[in-house]
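Peer 1: The following file, model21.cif, comprises mmCIF, C-alpha atoms and all ligand atoms:
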```cif
data_coords
#
loop_
_atom_site.group_PDB
_atom_site.id
_atom_site.type_symbol
_atom_site.label_atom_id
_atom_site.label_comp_id
_atom_site.auth_asym_id
_atom_site.auth_seq_id
_atom_site.Cartn_x
_atom_site.Cartn_y
_atom_site.Cartn_z
ATOM 1 C CA MET A 1 0.000 0.000 0.000
ATOM 2 C CA ILE A 2 1.017 3.605 -0.509
ATOM 3 C CA PHE A 3 -0.015 6.103 2.169
ATOM 4 C CA GLU A 4 0.111 9.771 1.184
ATOM 5 C CA LEU A 5 0.861 11.380 4.542
ATOM 6 C CA SER A 6 -0.146 14.843 5.629
ATOM 7 C CA ARG A 7 2.863 17.144 5.911
ATOM 8 C CA ASP A 8 1.365 18.865 9.023
ATOM 9 C CA ASN A 9 3.348 16.455 11.182
ATOM 10 C CA LEU A 10 5.083 13.851 9.044
ATOM 11 C CA ALA A 11 6.608 11.888 11.934
ATOM 12 C CA LEU A 12 3.223 11.534 13.602
ATOM 13 C CA ALA A 13 1.501 10.665 10.313
ATOM 14 C CA GLN A 14 4.048 7.941 9.641
ATOM 15 C CA GLN A 15 3.869 6.411 13.108
ATOM 16 C CA GLU A 16 0.061 6.460 13.046
ATOM 17 C CA VAL A 17 0.117 4.105 10.036
ATOM 18 C CA LEU A 18 2.989 1.970 11.346
ATOM 19 C CA SER A 19 1.292 1.458 14.732
ATOM 20 C CA LEU A 20 -1.801 0.024 13.022
ATOM 21 C CA ALA A 21 -0.169 -1.783 10.081
ATOM 22 C CA LYS A 22 2.759 -3.232 12.077
ATOM 23 C CA PRO A 23 4.663 -4.065 8.851
ATOM 24 C CA LYS A 24 7.947 -5.992 8.921
ATOM 25 C CA THR A 25 9.518 -3.529 6.472
ATOM 26 C CA TRP A 26 8.525 -0.140 5.083
ATOM 27 C CA LYS A 27 10.013 2.807 3.226
ATOM 28 C CA LEU A 28 9.369 6.514 3.132
ATOM 29 C CA ILE A 29 9.777 8.433 -0.130
ATOM 30 C CA GLY A 30 8.995 12.114 0.420
ATOM 31 C CA ASN A 31 5.614 12.060 2.156
ATOM 32 C CA LEU A 32 4.704 8.601 0.815
ATOM 33 C CA LEU A 33 4.891 5.658 3.182
ATOM 34 C CA ILE A 34 5.059 2.300 1.421
ATOM 35 C CA CYS A 35 4.281 -0.851 3.374
ATOM 36 C CA LYS A 36 1.980 -3.860 3.638
ATOM 37 C CA ALA A 37 -1.205 -3.026 5.517
ATOM 38 C CA ASN A 38 -4.645 -4.337 6.208
ATOM 39 C CA PHE A 39 -6.831 -2.294 8.541
ATOM 40 C CA ASP A 40 -9.710 0.163 8.371
ATOM 41 C CA TYR A 41 -8.090 3.199 6.691
ATOM 42 C CA SER A 42 -10.973 5.481 7.677
ATOM 43 C CA ARG A 43 -9.477 5.523 11.185
ATOM 44 C CA LEU A 44 -6.465 7.522 10.071
ATOM 45 C CA ALA A 45 -6.190 11.217 10.932
ATOM 46 C CA TYR A 46 -2.962 12.259 9.205
ATOM 47 C CA THR A 47 -3.188 10.237 5.959
ATOM 48 C CA ASN A 48 -4.715 11.992 2.938
ATOM 49 C CA LEU A 49 -4.891 9.081 0.494
ATOM 50 C CA VAL A 50 -4.323 5.349 0.428
ATOM 51 C CA LEU A 51 -3.339 3.744 -2.868
ATOM 52 C CA GLU A 52 -2.819 0.236 -4.119
ATOM 53 C CA GLU A 53 0.764 0.136 -5.414
ATOM 54 C CA ILE A 54 1.105 -0.299 -9.200
ATOM 55 C CA PHE A 55 4.802 0.424 -9.621
ATOM 56 C CA ILE A 56 7.796 2.284 -8.221
ATOM 57 C CA ASP A 57 10.451 2.908 -10.857
ATOM 58 C CA THR A 58 12.662 5.529 -12.414
ATOM 59 C CA LYS A 59 10.600 5.408 -15.641
ATOM 60 C CA ILE A 60 7.105 4.192 -16.520
ATOM 61 C CA PRO A 61 7.293 0.416 -17.096
ATOM 62 C CA LYS A 62 4.917 -1.690 -19.228
ATOM 63 C CA ILE A 63 1.765 -2.136 -17.138
ATOM 64 C CA ASN A 64 -1.434 -4.098 -17.709
ATOM 65 C CA TRP A 65 -3.666 -1.074 -17.012
ATOM 66 C CA GLN A 66 -6.779 -3.099 -17.853
ATOM 67 C CA LYS A 67 -6.188 -5.072 -14.656
ATOM 68 C CA TYR A 68 -6.615 -1.900 -12.568
ATOM 69 C CA TYR A 69 -9.340 -0.239 -14.671
ATOM 70 C CA LYS A 70 -13.052 -0.226 -13.733
ATOM 71 C CA GLU A 71 -15.777 1.785 -15.584
ATOM 72 C CA ASN A 72 -13.743 4.959 -16.157
ATOM 73 C CA PHE A 73 -10.461 6.543 -15.152
ATOM 74 C CA CYS A 74 -8.590 9.734 -14.451
ATOM 75 C CA VAL A 75 -4.956 10.590 -13.867
ATOM 76 C CA ARG A 76 -3.629 12.692 -10.997
ATOM 77 C CA SER A 77 -0.125 13.745 -10.213
ATOM 78 C CA ASN A 78 1.802 15.771 -7.650
ATOM 79 C CA ILE A 79 3.037 17.645 -10.736
ATOM 80 C CA THR A 80 -0.263 18.706 -12.335
ATOM 81 C CA ALA A 81 1.377 19.515 -15.682
ATOM 82 C CA LYS A 82 2.270 15.823 -16.090
ATOM 83 C CA GLU A 83 -1.384 14.670 -16.041
ATOM 84 C CA LYS A 84 -1.963 15.556 -19.718
ATOM 85 C CA GLU A 85 0.992 13.509 -20.951
ATOM 86 C CA LEU A 86 0.230 10.538 -18.674
ATOM 87 C CA ALA A 87 -3.469 10.101 -19.558
ATOM 88 C CA PRO A 88 -2.824 8.925 -23.185
ATOM 89 C CA ILE A 89 -0.445 6.190 -21.971
ATOM 90 C CA ILE A 90 -3.303 4.588 -20.062
ATOM 91 C CA TRP A 91 -5.975 5.462 -22.662
ATOM 92 C CA TYR A 92 -4.194 3.576 -25.480
ATOM 93 C CA ALA A 93 -3.611 0.532 -23.245
ATOM 94 C CA LEU A 94 -7.349 0.072 -22.496
ATOM 95 C CA LYS A 95 -10.283 -1.477 -24.377
ATOM 96 C CA ASN A 96 -13.155 1.074 -24.629
ATOM 97 C CA PRO A 97 -11.656 3.582 -22.201
ATOM 98 C CA LYS A 98 -13.758 6.301 -20.589
ATOM 99 C CA VAL A 99 -12.390 9.319 -18.809
ATOM 100 C CA ASN A 100 -14.163 10.946 -15.896
ATOM 101 C CA MET A 101 -12.657 13.389 -13.440
ATOM 102 C CA LYS A 102 -14.629 11.680 -10.636
ATOM 103 C CA ALA A 103 -13.601 8.279 -11.931
ATOM 104 C CA GLN A 104 -13.845 4.834 -10.346
ATOM 105 C CA SER A 105 -10.205 4.238 -11.245
ATOM 106 C CA GLU A 106 -8.074 7.156 -10.085
ATOM 107 C CA PHE A 107 -4.428 6.624 -11.014
ATOM 108 C CA TRP A 108 -1.875 8.687 -9.090
ATOM 109 C CA PHE A 109 1.672 9.390 -10.285
ATOM 110 C CA TYR A 110 4.089 10.983 -7.833
ATOM 111 C CA TYR A 111 7.398 12.336 -9.084
ATOM 112 C CA ILE A 112 9.672 12.395 -6.035
ATOM 113 C CA GLU A 113 13.453 12.636 -6.169
ATOM 114 C CA ASP A 114 14.300 10.486 -9.225
ATOM 115 C CA GLN A 115 11.435 8.036 -8.717
ATOM 116 C CA ILE A 116 7.939 7.630 -10.120
ATOM 117 C CA ILE A 117 5.547 6.120 -7.598
ATOM 118 C CA CYS A 118 2.241 5.026 -9.083
ATOM 119 C CA GLY A 119 -0.889 3.671 -7.418
ATOM 120 C CA LYS A 120 -4.627 3.350 -7.710
ATOM 121 C CA LYS A 121 -6.627 5.289 -5.112
ATOM 122 C CA ILE A 122 -8.578 3.094 -2.761
ATOM 123 C CA TYR A 123 -9.309 5.556 0.049
ATOM 124 C CA GLN A 124 -9.437 9.338 0.491
ATOM 125 C CA ARG A 125 -9.831 10.959 3.904
ATOM 126 C CA GLU A 126 -13.131 12.708 4.406
ATOM 127 C CA GLU A 127 -13.312 12.664 8.188
ATOM 128 C CA LYS A 128 -14.942 15.922 9.215
ATOM 129 C CA PHE A 129 -12.859 16.769 12.273
ATOM 130 C CA GLN A 130 -13.926 20.400 12.239
ATOM 131 C CA MET A 131 -17.478 19.373 13.157
ATOM 132 C CA ARG A 132 -16.216 18.106 16.508
ATOM 133 C CA ARG A 133 -13.979 21.086 17.295
ATOM 134 C CA PRO A 134 -13.803 21.592 21.095
ATOM 135 C CA ASP A 135 -15.491 25.029 20.903
ATOM 136 C CA LEU A 136 -18.516 23.514 19.122
ATOM 137 C CA ARG A 137 -19.132 20.957 21.866
ATOM 138 C CA PRO A 138 -21.709 21.590 24.619
ATOM 139 C CA GLY A 139 -19.153 20.731 27.330
ATOM 140 C CA PHE A 140 -16.376 23.113 26.319
ATOM 141 C CA PHE A 141 -13.118 23.882 28.137
ATOM 142 C CA PRO A 142 -10.141 25.173 26.149
ATOM 143 C CA ILE A 143 -7.976 22.305 27.484
ATOM 144 C CA SER A 144 -9.214 19.764 24.948
ATOM 145 C CA LEU A 145 -7.022 18.455 22.128
ATOM 146 C CA LYS A 146 -8.114 19.024 18.549
ATOM 147 C CA PRO A 147 -10.027 15.949 17.294
ATOM 148 C CA LYS A 148 -7.502 15.204 14.546
ATOM 149 C CA LEU A 149 -4.651 14.967 17.061
ATOM 150 C CA ALA A 150 -6.832 13.069 19.556
ATOM 151 C CA ARG A 151 -7.650 10.498 16.869
ATOM 152 C CA ALA A 152 -3.994 10.128 15.855
ATOM 153 C CA ILE A 153 -2.844 9.431 19.402
ATOM 154 C CA VAL A 154 -5.547 6.782 19.829
ATOM 155 C CA ASN A 155 -4.137 5.156 16.675
ATOM 156 C CA LEU A 156 -0.592 5.306 18.085
ATOM 157 C CA SER A 157 -1.744 2.762 20.681
ATOM 158 C CA GLY A 158 -2.144 0.244 17.833
ATOM 159 C CA VAL A 159 -5.411 -0.996 19.391
ATOM 160 C CA LYS A 160 -7.828 -2.195 16.707
ATOM 161 C CA LYS A 161 -10.430 -3.739 18.969
ATOM 162 C CA GLY A 162 -11.058 -3.526 22.713
ATOM 163 C CA THR A 163 -10.838 -0.942 25.476
ATOM 164 C CA ILE A 164 -9.024 2.383 25.599
ATOM 165 C CA TRP A 165 -8.803 4.086 28.971
ATOM 166 C CA ASP A 166 -8.190 7.812 29.378
ATOM 167 C CA PRO A 167 -7.528 8.400 33.110
ATOM 168 C CA PHE A 168 -7.240 12.201 32.595
ATOM 169 C CA CYS A 169 -10.268 12.390 30.311
ATOM 170 C CA GLY A 170 -11.285 16.028 30.915
ATOM 171 C CA THR A 171 -14.111 16.869 28.525
ATOM 172 C CA GLY A 172 -13.652 13.548 26.694
ATOM 173 C CA GLY A 173 -11.949 14.586 23.432
ATOM 174 C CA ILE A 174 -9.794 11.444 23.182
ATOM 175 C CA LEU A 175 -12.647 9.118 24.167
ATOM 176 C CA LEU A 176 -14.976 10.688 21.592
ATOM 177 C CA GLU A 177 -12.558 9.722 18.819
ATOM 178 C CA ALA A 178 -11.924 6.254 20.283
ATOM 179 C CA SER A 179 -15.641 5.590 20.498
ATOM 180 C CA LEU A 180 -16.266 6.843 16.930
ATOM 181 C CA MET A 181 -13.628 4.353 15.757
ATOM 182 C CA GLY A 182 -15.603 1.526 17.345
ATOM 183 C CA LEU A 183 -13.370 1.073 20.378
ATOM 184 C CA LYS A 184 -14.701 0.678 23.901
ATOM 185 C CA ALA A 185 -14.035 3.985 25.651
ATOM 186 C CA ILE A 186 -13.528 4.299 29.408
ATOM 187 C CA GLY A 187 -12.578 7.532 31.109
ATOM 188 C CA SER A 188 -11.963 9.045 34.490
ATOM 189 C CA ASP A 189 -10.959 12.458 35.819
ATOM 190 C CA ILE A 190 -10.370 13.873 39.273
ATOM 191 C CA ASP A 191 -12.559 16.901 38.575
ATOM 192 C CA PRO A 192 -16.376 16.389 38.752
ATOM 193 C CA MET A 193 -16.914 19.481 36.562
ATOM 194 C CA MET A 194 -14.937 17.801 33.759
ATOM 195 C CA ILE A 195 -16.930 14.592 34.072
ATOM 196 C CA ARG A 196 -20.180 16.564 33.754
ATOM 197 C CA ALA A 197 -18.843 18.297 30.625
ATOM 198 C CA ALA A 198 -17.675 14.980 29.123
ATOM 199 C CA LYS A 199 -21.130 13.434 29.719
ATOM 200 C CA LYS A 200 -22.771 16.314 27.820
ATOM 201 C CA ASN A 201 -20.351 15.816 24.929
ATOM 202 C CA PHE A 202 -20.959 12.080 24.683
ATOM 203 C CA GLU A 203 -24.742 12.625 24.678
ATOM 204 C CA HIS A 204 -24.403 15.299 21.996
ATOM 205 C CA TYR A 205 -22.385 13.042 19.649
ATOM 206 C CA GLU A 206 -24.330 9.906 20.661
ATOM 207 C CA CYS A 207 -21.140 8.199 21.802
ATOM 208 C CA LYS A 208 -21.008 5.381 24.271
ATOM 209 C CA ALA A 209 -18.324 5.918 26.890
ATOM 210 C CA LYS A 210 -18.143 4.948 30.546
ATOM 211 C CA ILE A 211 -16.793 7.717 32.740
ATOM 212 C CA SER A 212 -16.283 8.291 36.453
ATOM 213 C CA ILE A 213 -14.602 10.600 38.954
ATOM 214 C CA ALA A 214 -11.253 9.138 40.026
ATOM 215 C CA ASP A 215 -7.613 9.918 40.705
ATOM 216 C CA ALA A 216 -5.452 8.465 37.907
ATOM 217 C CA ARG A 217 -2.942 7.328 40.518
ATOM 218 C CA LYS A 218 -5.494 5.072 42.243
ATOM 219 C CA GLU A 219 -7.997 3.918 39.608
ATOM 220 C CA LYS A 220 -7.688 0.488 37.928
ATOM 221 C CA VAL A 221 -9.263 -0.290 34.561
ATOM 222 C CA ASN A 222 -8.794 -3.425 32.501
ATOM 223 C CA CYS A 223 -7.778 -2.052 29.074
ATOM 224 C CA LYS A 224 -5.685 -2.728 25.982
ATOM 225 C CA ALA A 225 -3.979 0.663 26.281
ATOM 226 C CA ILE A 226 -4.070 4.029 28.020
ATOM 227 C CA VAL A 227 -4.246 7.102 25.805
ATOM 228 C CA CYS A 228 -4.124 10.386 27.679
ATOM 229 C CA ASP A 229 -3.269 14.022 27.848
ATOM 230 C CA PRO A 230 -2.422 14.761 31.513
ATOM 231 C CA PRO A 231 -2.144 18.350 32.793
ATOM 232 C CA TYR A 232 0.837 20.320 31.484
ATOM 233 C CA GLY A 233 1.216 22.974 34.129
ATOM 234 C CA ARG A 234 1.040 23.702 37.818
ATOM 235 C CA ARG A 235 -2.560 24.871 37.753
ATOM 236 C CA ALA A 236 -5.763 24.335 39.704
ATOM 237 C CA SER A 237 -6.381 21.205 37.614
ATOM 238 C CA THR A 238 -3.413 19.437 39.244
ATOM 239 C CA LYS A 239 -4.439 20.631 42.730
ATOM 240 C CA LYS A 240 -1.191 22.649 42.545
ATOM 241 C CA GLU A 241 0.893 19.485 42.522
ATOM 242 C CA ASP A 242 4.142 19.209 40.636
ATOM 243 C CA VAL A 243 3.353 17.774 37.182
ATOM 244 C CA GLU A 244 6.563 15.752 37.000
ATOM 245 C CA THR A 245 5.586 13.963 40.245
ATOM 246 C CA LEU A 246 2.047 13.439 38.964
ATOM 247 C CA TYR A 247 3.343 11.742 35.776
ATOM 248 C CA LYS A 248 5.786 9.634 37.792
ATOM 249 C CA GLU A 249 3.211 8.448 40.338
ATOM 250 C CA PHE A 250 0.608 7.775 37.655
ATOM 251 C CA LEU A 251 3.022 5.685 35.524
ATOM 252 C CA GLU A 252 4.224 3.787 38.596
ATOM 253 C CA HIS A 253 0.619 2.948 39.486
ATOM 254 C CA VAL A 254 -0.443 1.693 36.024
ATOM 255 C CA TYR A 255 2.782 -0.183 35.140
ATOM 256 C CA PRO A 256 1.702 -3.525 36.706
ATOM 257 C CA PHE A 257 -1.581 -3.758 34.764
ATOM 258 C CA VAL A 258 -1.247 -1.749 31.508
ATOM 259 C CA ASP A 259 1.203 -2.687 28.714
ATOM 260 C CA THR A 260 0.938 0.364 26.458
ATOM 261 C CA VAL A 261 0.567 4.037 27.344
ATOM 262 C CA VAL A 262 0.346 6.837 24.789
ATOM 263 C CA LEU A 263 0.698 10.220 26.398
ATOM 264 C CA MET A 264 1.338 13.865 25.788
ATOM 265 C CA ALA A 265 3.758 15.739 28.035
ATOM 266 C CA PRO A 266 5.349 19.180 28.077
ATOM 267 C CA ASN A 267 8.977 18.929 26.913
ATOM 268 C CA THR A 268 10.105 20.709 30.086
ATOM 269 C CA ILE A 269 9.546 17.713 32.369
ATOM 270 C CA LYS A 270 11.436 14.435 32.753
ATOM 271 C CA ILE A 271 9.445 11.238 32.289
ATOM 272 C CA LYS A 272 10.553 8.942 35.104
ATOM 273 C CA THR A 273 9.236 5.451 34.491
ATOM 274 C CA LYS A 274 9.997 1.735 34.177
ATOM 275 C CA TYR A 275 8.255 1.751 30.768
ATOM 276 C CA THR A 276 10.420 1.991 27.648
ATOM 277 C CA ILE A 277 9.962 4.952 25.327
ATOM 278 C CA ALA A 278 9.152 3.062 22.120
ATOM 279 C CA TRP A 279 8.706 6.194 19.998
ATOM 280 C CA GLU A 280 8.310 9.925 20.426
ATOM 281 C CA THR A 281 7.974 13.164 18.546
ATOM 282 C CA GLU A 282 7.552 16.813 19.461
ATOM 283 C CA GLU A 283 4.829 19.246 18.552
ATOM 284 C CA PHE A 284 5.125 23.012 18.884
ATOM 285 C CA VAL A 285 1.950 24.429 20.447
ATOM 286 C CA HIS A 286 2.856 28.040 21.245
ATOM 287 C CA GLY A 287 5.789 30.143 22.497
ATOM 288 C CA SER A 288 5.906 28.580 25.964
ATOM 289 C CA LEU A 289 4.660 25.063 25.170
ATOM 290 C CA THR A 290 6.186 22.347 23.028
ATOM 291 C CA ARG A 291 4.711 18.985 23.850
ATOM 292 C CA ARG A 292 6.066 15.495 23.437
ATOM 293 C CA ILE A 293 3.871 12.745 22.072
ATOM 294 C CA ILE A 294 5.183 9.489 23.515
ATOM 295 C CA ILE A 295 4.467 5.779 23.131
ATOM 296 C CA LEU A 296 5.485 3.800 26.214
ATOM 297 C CA ASN A 297 5.528 0.054 26.400
ATOM 298 C CA LYS A 298 7.196 -2.706 28.320
ATOM 299 C CA SER A 299 10.609 -3.610 26.947
ATOM 300 C CA ASN A 300 9.651 -7.224 26.158
ATOM 301 C CA GLN A 301 7.040 -6.069 23.579
HETATM 302 C C1 LIG B 401 -5.140 18.524 29.700
HETATM 303 S S1 LIG B 401 -6.597 18.039 30.528
HETATM 304 C C2 LIG B 401 -7.244 16.735 29.545
HETATM 305 C C3 LIG B 401 -8.071 17.257 28.445
HETATM 306 C C4 LIG B 401 -8.860 16.192 27.732
HETATM 307 N N1 LIG B 401 -8.028 15.425 26.817
HETATM 308 C C5 LIG B 401 -10.074 16.770 27.010
HETATM 309 O O1 LIG B 401 -10.368 16.333 25.870
HETATM 310 O O2 LIG B 401 -10.754 17.626 27.562
HETATM 311 C C6 LIG B 401 -5.993 17.221 31.956
HETATM 312 C C7 LIG B 401 -7.076 16.696 32.889
HETATM 313 O O3 LIG B 401 -6.457 15.958 33.943
HETATM 314 C C8 LIG B 401 -7.283 16.086 35.094
HETATM 315 N N2 LIG B 401 -6.473 15.682 36.276
HETATM 316 C C9 LIG B 401 -5.531 16.387 36.940
HETATM 317 N N3 LIG B 401 -4.993 15.646 37.938
HETATM 318 C C10 LIG B 401 -5.607 14.430 37.894
HETATM 319 C C11 LIG B 401 -5.473 13.224 38.617
HETATM 320 N N4 LIG B 401 -4.599 13.110 39.621
HETATM 321 N N5 LIG B 401 -6.261 12.182 38.279
HETATM 322 C C12 LIG B 401 -7.162 12.273 37.267
HETATM 323 N N6 LIG B 401 -7.338 13.393 36.542
HETATM 324 C C13 LIG B 401 -6.559 14.457 36.839
HETATM 325 C C14 LIG B 401 -7.754 17.506 35.072
HETATM 326 O O4 LIG B 401 -8.948 17.651 35.810
HETATM 327 C C15 LIG B 401 -7.954 17.736 33.562
HETATM 328 O O5 LIG B 401 -9.277 17.525 33.190
#
```
Would you write out, as structure tokens, the structure that this file holds?
Peer 2:
Amino acid sequence: MIFELSRDNLALAQQEVLSLAKPKTWKLIGNLLICKANFDYSRLAYTNLVLEEIFIDTKIPKINWQKYYKENFCVRSNITAKEKELAPIIWYALKNPKVNMKAQSEFWFYYIEDQIICGKKIYQREEKFQMRRPDLRPGFFPISLKPKLARAIVNLSGVKKGTIWDPFCGTGGILLEASLMGLKAIGSDIDPMMIRAAKKNFEHYECKAKISIADARKEKVNCKAIVCDPPYGRRASTKKEDVETLYKEFLEHVYPFVDTVVLMAPNTIKIKTKYTIAWETEEFVHGSLTRRIIILNKSNQ
């Protein structure tokens, strides 16, 4: 498969696919990730297109285009000017060809470095994240992650079926995405006001999620993975506790019963834990906040 990744955050886009596809080998050419994969592509937040690979070469080889053609076709390219010269190559190789700009068979040609990467489109992202923007939700606090990022970090867990637990669920942004992907969503938060807001949001989007008031350092939930966005600063929401200590105590508590934790953390704190950092990237938020996005697992995984 060829995944055309969004350039908004290439490292995150790449890991989102790799966490779900778990391929033995893969390669990245520009913003195209090429690997074997078999999962529901509509889950992805940072992938624009998914294509079935036709060829990767330095020139266009002889191809049985008929094999890939259905009803009608069109040609797309990252270099628009190339489309006109590419279309006849396919046209003359087909029996009774029909062209349609909204075709069944959309052939993509990417010219990157000295390579031509060609594939047939099988999926295009249409997920309407903007409709679930935090400020449009009935239970709104400005602390919530944008839905696109929330969805991506759920995917980083690699969980395709089963329970996701967010022990710092706030207004429920992460759980909303998990539930919309068909996962079982369980949440808890120390602040009753947040739990009330999250309940309103789940009702509004008709999402099933189980939530309760609890301290993340004491609660136990049987889950496939934790995905969370704990507090970043020494604010009322942490009861004025030191965030570094909060992360440390929370990770110490969940280590015996949870194998995978995906979390966000400000890059100013040290993550002290027995878990292994399997992968991480950074995301600039604003002048005083750059956050790390981290996948933690146990070293034997
Ligand atoms: C950055 S917010 C999470 C935002 C959330 N992702 C959302 O969509 O709204 C962090 C949350 O952690 C909660 N929190 C702080 N200390 C906690 C603790 N010890 N246990 C559980 N929740 C805690 C706060 O009440 C706050 O809602």
Peer 1: Translate the PyMOL selection byres (((not hetatm)) within 7 of (chain B and resi 401)), as applied to the file shown, into an explicit residue set as a PyMOL selection string.
Peer 2: chain A and resi 141+143-145+167-174+188-191+194+214-217+228-232+237-239+246
Peer 1: Using all atoms listed in the file, what table do you get, as a Markdown table, when you list each residue of stretch 134-253 of chain A with an atom no more than 12 Å from stretch 22-34 of chain A, its nearest pair of atoms, and their distance in Å rounded to one decimal, rows by chain then rising number?
Peer 2:
```
| residue | atom | partner | partner_atom | distance |
| --- | --- | --- | --- | --- |
| A:Asn155 | CA | A:Lys22 | CA | 11.8 |
| A:Leu156 | CA | A:Lys22 | CA | 11.0 |
| A:Ser157 | CA | A:Lys22 | CA | 11.4 |
| A:Gly158 | CA | A:Lys22 | CA | 8.3 |
| A:Val159 | CA | A:Lys22 | CA | 11.2 |
| A:Lys160 | CA | A:Lys22 | CA | 11.6 |
```
Peer 1: Can you translate the PyMOL selection byres (((chain A and resi 259) around 7) and not hetatm) into the concrete residues it hits in this file, as a list in words?
Peer 2: Ala225, Phe257, Val258, Thr260, Val261, Asn297 and Lys298 of chain A
Peer 1: Got a sec to resolve the PyMOL selection byres (((chain A and resi 104) around 9) and not hetatm) on this structure and send the residues as an NGL selection string?
Peer 2: :A and (69-74 or 100 or 102-103 or 105-106 or 121)
Peer 1: In Å, with one decimal, what is the gap from atom CA of A:Lys36 to atom CA of A:Arg292?
Peer 2: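 Taking atom CA of A:Lys36 and atom CA of A:Arg292, their separation equals 28.0 Å.
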Peer 1: Any idea what the distance is between atom CA of A:Leu94 and atom CA of A:Cys118?
Peer 2: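 We find that atom CA of A:Leu94 and atom CA of A:Cys118 lie 17.2 Å from each other.
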Peer 1: Closest to A:Thr163 among A:Val227, A:Glu113, A:Asn64, A:Ala45, using all atoms listed in the file?
Peer 2: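 The shortest atom-to-atom distance to A:Thr163 comes from A:Val227.
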Peer 1: Which distance in Å separates atom CA of A:Ser42 and atom CA of A:Lys184, to one decimal?
Peer 2: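 Straight-line distance from atom CA of A:Ser42 to atom CA of A:Lys184 works out to 17.3 Å.
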Peer 1: Considering all atoms listed in the file, return as a list in words whatever protein or nucleic-acid residues lie within 9 Å of stretch 125-130 of chain A, sequence-local ones (same chain, fewer than 6 positions apart) excluded.
Peer 2: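 The residues satisfying every condition are Tyr41, Ser42, Arg43, Leu44, Ala45, Tyr46, Thr47, Asn48, Leu49, Val50, Leu136, Lys146, Pro147 and Lys148 of chain A.
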Peer 1: Between A:Asn9, A:Tyr247, A:Tyr123, A:Ile295, which residue has the minimum interatomic distance to A:Trp279, considering all atoms listed in the file?
Peer 2: A:Ile295
Peer 1: Fewer than 2 positions away in the same chain doesn't count, so skip those; otherwise give me all residues within 6 Å of A:Arg291, counting all atoms listed in the file, as an MDAnalysis selection string.
Peer 2: chainID A and resid 265:267 282:283
Peer 1: Nearest to A:Leu175 among A:Ile195, A:Ile63, A:Ala87, A:Ala209, with distances taken over all atoms listed in the file: which residue is it?
Peer 2: A:Ala209
Peer 1: Would you give the centre and edge lengths, in Å to one decimal, of a box along x, y and z around the listed atoms of stretch 24-36 of chain A, with 6 Å added to each side, as lines of an AutoDock Vina configuration file?
Peer 2:
```
center_x = 6.0
center_y = 3.1
center_z = 4.4
size_x = 20.0
size_y = 30.1
size_z = 21.1
```
Peer 1: Compare A:Val17, A:Ile116, A:Ile269, A:Ile60 by their minimum atom-to-atom distance to A:Ile89, counting only C-alpha atoms, and give me the closest one.
Peer 2: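 Using only C-alpha atoms, A:Ile89 sits closest to A:Ile60.
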Peer 1: My structure is short of atoms at stretch 55-63 of chain A; please model N, CA, C and O atoms there, returning them as a PDB file, in the frame of the given file.
Peer 2:
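Saved as rebuild_30.pdb:
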```
ATOM      1  N   PHE A  55       3.356   0.579  -9.420  1.00  0.00           N
ATOM      2  CA  PHE A  55       4.802   0.424  -9.621  1.00  0.00           C
ATOM      3  C   PHE A  55       5.579   1.541  -8.939  1.00  0.00           C
ATOM      4  O   PHE A  55       5.031   2.617  -8.664  1.00  0.00           O
ATOM      5  N   ILE A  56       6.847   1.256  -8.669  1.00  0.00           N
ATOM      6  CA  ILE A  56       7.796   2.284  -8.221  1.00  0.00           C
ATOM      7  C   ILE A  56       9.016   2.083  -9.086  1.00  0.00           C
ATOM      8  O   ILE A  56       9.607   0.997  -9.103  1.00  0.00           O
ATOM      9  N   ASP A  57       9.369   3.089  -9.885  1.00  0.00           N
ATOM     10  CA  ASP A  57      10.451   2.908 -10.857  1.00  0.00           C
ATOM     11  C   ASP A  57      11.025   4.278 -11.223  1.00  0.00           C
ATOM     12  O   ASP A  57      10.448   5.311 -10.859  1.00  0.00           O
ATOM     13  N   THR A  58      12.103   4.249 -11.981  1.00  0.00           N
ATOM     14  CA  THR A  58      12.662   5.529 -12.414  1.00  0.00           C
ATOM     15  C   THR A  58      12.021   5.984 -13.731  1.00  0.00           C
ATOM     16  O   THR A  58      12.129   7.141 -14.126  1.00  0.00           O
ATOM     17  N   LYS A  59      11.383   5.043 -14.442  1.00  0.00           N
ATOM     18  CA  LYS A  59      10.600   5.408 -15.641  1.00  0.00           C
ATOM     19  C   LYS A  59       9.310   4.577 -15.637  1.00  0.00           C
ATOM     20  O   LYS A  59       9.187   3.638 -14.845  1.00  0.00           O
ATOM     21  N   ILE A  60       8.376   4.922 -16.534  1.00  0.00           N
ATOM     22  CA  ILE A  60       7.105   4.192 -16.520  1.00  0.00           C
ATOM     23  C   ILE A  60       7.285   2.835 -17.205  1.00  0.00           C
ATOM     24  O   ILE A  60       7.574   2.775 -18.398  1.00  0.00           O
ATOM     25  N   PRO A  61       7.114   1.736 -16.478  1.00  0.00           N
ATOM     26  CA  PRO A  61       7.293   0.416 -17.096  1.00  0.00           C
ATOM     27  C   PRO A  61       6.025  -0.004 -17.858  1.00  0.00           C
ATOM     28  O   PRO A  61       5.014   0.694 -17.814  1.00  0.00           O
ATOM     29  N   LYS A  62       6.096  -1.158 -18.537  1.00  0.00           N
ATOM     30  CA  LYS A  62       4.917  -1.690 -19.228  1.00  0.00           C
ATOM     31  C   LYS A  62       3.958  -2.234 -18.152  1.00  0.00           C
ATOM     32  O   LYS A  62       4.354  -3.040 -17.320  1.00  0.00           O
ATOM     33  N   ILE A  63       2.729  -1.746 -18.183  1.00  0.00           N
ATOM     34  CA  ILE A  63       1.765  -2.136 -17.138  1.00  0.00           C
ATOM     35  C   ILE A  63       0.488  -2.625 -17.812  1.00  0.00           C
ATOM     36  O   ILE A  63       0.055  -2.055 -18.815  1.00  0.00           O
TER      37      ILE A  63
END
```
